[in-house]
Structures are given as C-alpha cells and as structure tokens.
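As structure tokens, the structure follows; a few thoughts come after it.
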Amino acid sequence: MPADQAGELTPAARRLYAYAVERHAFDAAEATAALGVRAAAAITELAAAHLLQRAPGGSPDQWCAVAPRAAAARALAPLALLVRDTHDEMDRLRGRLEGLVPAYEAGAARRDPGGRGHLELVTELGAVRDLIAELVAACERELLTSQPGGGRPLETLEESIGRDESLLARGVRMRTIYQHTARYSRPTAAYVERVTALGAQVRTLGDGLMRMLVFDEHTGLMAVPGRSGAALVVREPNVVHFMTAAFERSWLGAEPFGATVGPEAARSISDELRQTIVRLLSQGLEDKVIARRLGMSERTCQRHIAEIMRAVGAKSRFQAGYLLSSRPAPADGARTP
C-alpha cells in the first residue's frame with residue numbers, strides 16, 4: 001500500500017515538505033538540487049495529500065506548501081459530505097418506518113385485546129441487542145439500567161458507549177446501578193468517567209440487583225434466569241411500574257460511583273461487601289453462588305471467606321456458617337469480622 005494511502009508520508013516527502021514550508025515557492029529542479037534526491041515522486045505524494053499546491057502567480061511547475069489543517073479540511077470535505085448524506089438518509093428511513101408505529105400498535109391491540117402481547121420473550125442475543133438499540137434511539141426522557149455482575153466486559157462497553165453518548169447528547173436522563181465490585185474494573189471505571197462527564201449518574205450496590213432496563217417508564221427489559229442472552233420485554237404498565245419502583249429503592253441505598261474513591265469510602269464499600277458475604281455465608285450458600293451474586297471471581301470470594309473464617313475462629317465453612325448465623329446482626333456502621 002502506498003505511504004499516502006496508509007496515512008504515513010514517506011521520509012522523502014517529509015523532507016520535501018519541511019523544505020517547502022521554508023519557501024514561498026520552488027520547483028522540482030530546485031528541490032532535487034537542495035535535497036540530493038529526485039523530488040518529482042515526493043511532490044506527487046504531497047500534492048495528493050493536499051499538502052502542496054501550484055504556487056499562485058508562479059510558473060506551472062512551481063509549488064508552495066499548504067498548512068496541515070487546511071490540507072485536512074480539503075481532504076476530509078468529500079467524506080464529511082458523504083457522512084452528512086448518510087445521516088440524512090438514515091433520518092428519512094427512520095421517519096418512514098416510525099410513521100408505521102401507530103398502525104402497528106393499533107393492529108397489535110386489536111389482535112391481542114387481552115394484553116398478552118405486553119410480555120414478549122426474546123431468546124436470540126443478536127435480536128436483544130437490536131431491540132436495545134431501537135429502544136435507546138426512541139427513548140425521550142429517561143433510561144434506567146441495573147447491571148449486576150461486577151465489571152462489564154470490554155466488548156460490551158465498546159458496543160454501548162457510542163449509543164449512550166448519543167442518548168445523553170439528546171438530553172435524555174440516564175441512571176445506572178452496578179455492584180460495588182464494578183469499581184475495581186478499569187474498563188468499567190473509564191466508561192463511567194465518560195458518560196458521567198455528559199450528565200449520566202452511576203451508583204453501586206452490594207447485592208440484590210436484578211438485570212434490567214427501563215425506557216421512559218414505558219418499556220422494560222429483564223434478564224431471564226437460566227437463559228443467557230435472553231430477555232423478557234415488558235410493556236404492561238403495572239409491571240413496568242414495579243420495575244421502576246424496584247430500581248428507585250435500590251438507587252436510594254446505592255453509593256455514587258465517583259471518579260476516585262477516598263480511603264473512607266473504600267473502607268465503607270469493603271465493609272458492606274464483607275457484611276454481604278457474612279449474610280450469604282450464614283445462609284449456607286456455596287462459594288461460587290456468593291461470588292456470582294456479588295459479581296466477583298470465585299478466587300476473590302474464597303479469599304474473603306477465608307479471612308472471615310479466621311476472624312470468627314472457624315475451622316470449616318460449615319462451622320463459620322453456624323457461628324455467623326447464631327450471632328446478632330451488626331448495628332449500622334459497625335465493622336464486621
């Protein structure tokens with residue numbers, strides 16, 4: 001691939017450009033004599049990159065340098081026009097298709113007067129992603145998201161960041177709840193920093209989250225237990241209201257996901273995680289179940305459990321569970337073992 005197509009100038013072109021910037025005008029013979037190499041190929045390369053132009057008022061074989069920003073504007077003008085035309089065509093297509101929504105909804109209501117269509121199971125992951133993109137594009141007021149499981153996968157964050165930034169740029173409010181363990185995921189923290197800079201609000205909670213999204217208090221998506229990648233689409237108003245109320249209760253008890261976590265906040269979050277592990281351990285849950293509930297690796301969970309066992313003097317998980325279940329619940333603000 002030629003250097004100019006790959007986005008890099010050849011060394012000869014770079015030397016010629018530096019030579020041209022220092023002069024009002026020059027020709028190929030002058031440049032060849034000054035640089036010690038034939039300049040014709042480098043002139044062609046720079047002209048193709050819009051970094052050289054014919055010298056105004058000079059002879060046809062004289063050239064002068066063009067400022068890089070001006071060259072970029074010339075080079076990008078056709079692409080900018082193409083992008084604008086593409087966006088216009090997307091808007092026209094979306095408008096034509098969305099114009100059919102009232103007819104579709106009216107027909108669906110007549111087809112399903114009992115309201116069974118208010119619940120829809122979508123089992124294919126690609127279809128779920130397409131549906132989320134469609135609902136985000138149509139969201140006008142607020143998007144609520146509850147995402148258990150600790151830090152989110154990098155590919156998921158890369159897929160959603162552009163969509164979420166576009167949503168926030170339209171003035172749509174966005175609130176998200178993660179689990180405390182998401183704070184220790186660098187990709188998740190970087191994503192949170194970007195969206196909060198645009199006005200999103202993000203908080204974290206220890207346990208008790210259900211995976212769901214609620215759009216404009218009108219449509220909800222819920223994860224389906226035991227069906228990875230599947231989602232239940234909810235349009236029944238009373239169920240959507242219940243989902244919204246559950247989110248608000250979790251939101252009130254959650255901690256803001258700040259760009260940095262001070263020592264006191266970190267200690268508070270660590271204590272809450274440990275209290276949750278104590279509670280789940282006393283219920284007899286297995287390590288892998290506790291780890292999944294808290295969005296952490298099983299090895300990290302086992303390390304926490306080992307520390308708790310040492311603190312209460314237990315020699316086995318069974319004994320630790322018994323000792324913990326027989327102890328009174330810690331008062332608010334009290335440190336757990």
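We name chains A, B, ... following the order of the structure tokens; residues begin at 1 in each chain, and ligands are numbered from 1 as shown.
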
Please identify all polymer residues within 12 Å of region 222-239 of chain A, counting only C-alpha atoms, omitting same-chain residues fewer than 6 positions from it, and present them as a PyMOL selection string.
-> chain A and resi 105+114-132+135+144-148+209-216+245-246

As number ranges by chain, which residues of region 12-237 of chain A does DSSP assign to alpha helix (DSSP H)?
-> A: 12-21, 28-35, 40-48, 68-98, 101-111, 125-138, 154-169, 186-197, 237

What is the distance between CA of Thr219 (chain A) and CA of Cys139 (chain A), in Å to one decimal?
-> 9.7 Å

Measuring atom to atom with only C-alpha atoms, identify which of A:Thr300, A:Gln201, A:Thr10, A:Thr176 is nearest to Ala49 (chain A).
->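 Of the candidates, the smallest distance to Ala49 (chain A) is held by A:Thr10.
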
So, counting only C-alpha atoms, which residue among A:Ala47, A:Ala77, A:Ile177, A:Val37 is closest to Ala65 (chain A)?
-> A:Ala47

All residues 6 Å or closer to region 203-205 of chain A, only C-alpha atoms, same chain fewer than 6 positions away omitted, as a compact mmCIF listing (two decimals) with C-alpha atoms, in the first residue's frame:
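Below is the file that was written, result12.txt:
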```
# COMPACT_ATOMS: atom_id res chain seq x y z
CA ILE A 177 -26.62 0.93 39.14
CA TYR A 178 -23.69 -1.50 39.21
CA GLN A 179 -22.39 -3.67 42.00
CA HIS A 180 -19.56 -2.40 44.21
CA ALA A 254 -26.60 2.86 46.45
CA GLU A 255 -23.31 4.77 46.66
CA PRO A 256 -22.21 7.27 43.96
CA PHE A 257 -19.60 5.85 41.58
```

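Going from CA of Pro11 (chain A) to CA of Thr44 (chain A) covers 13.8 Å.
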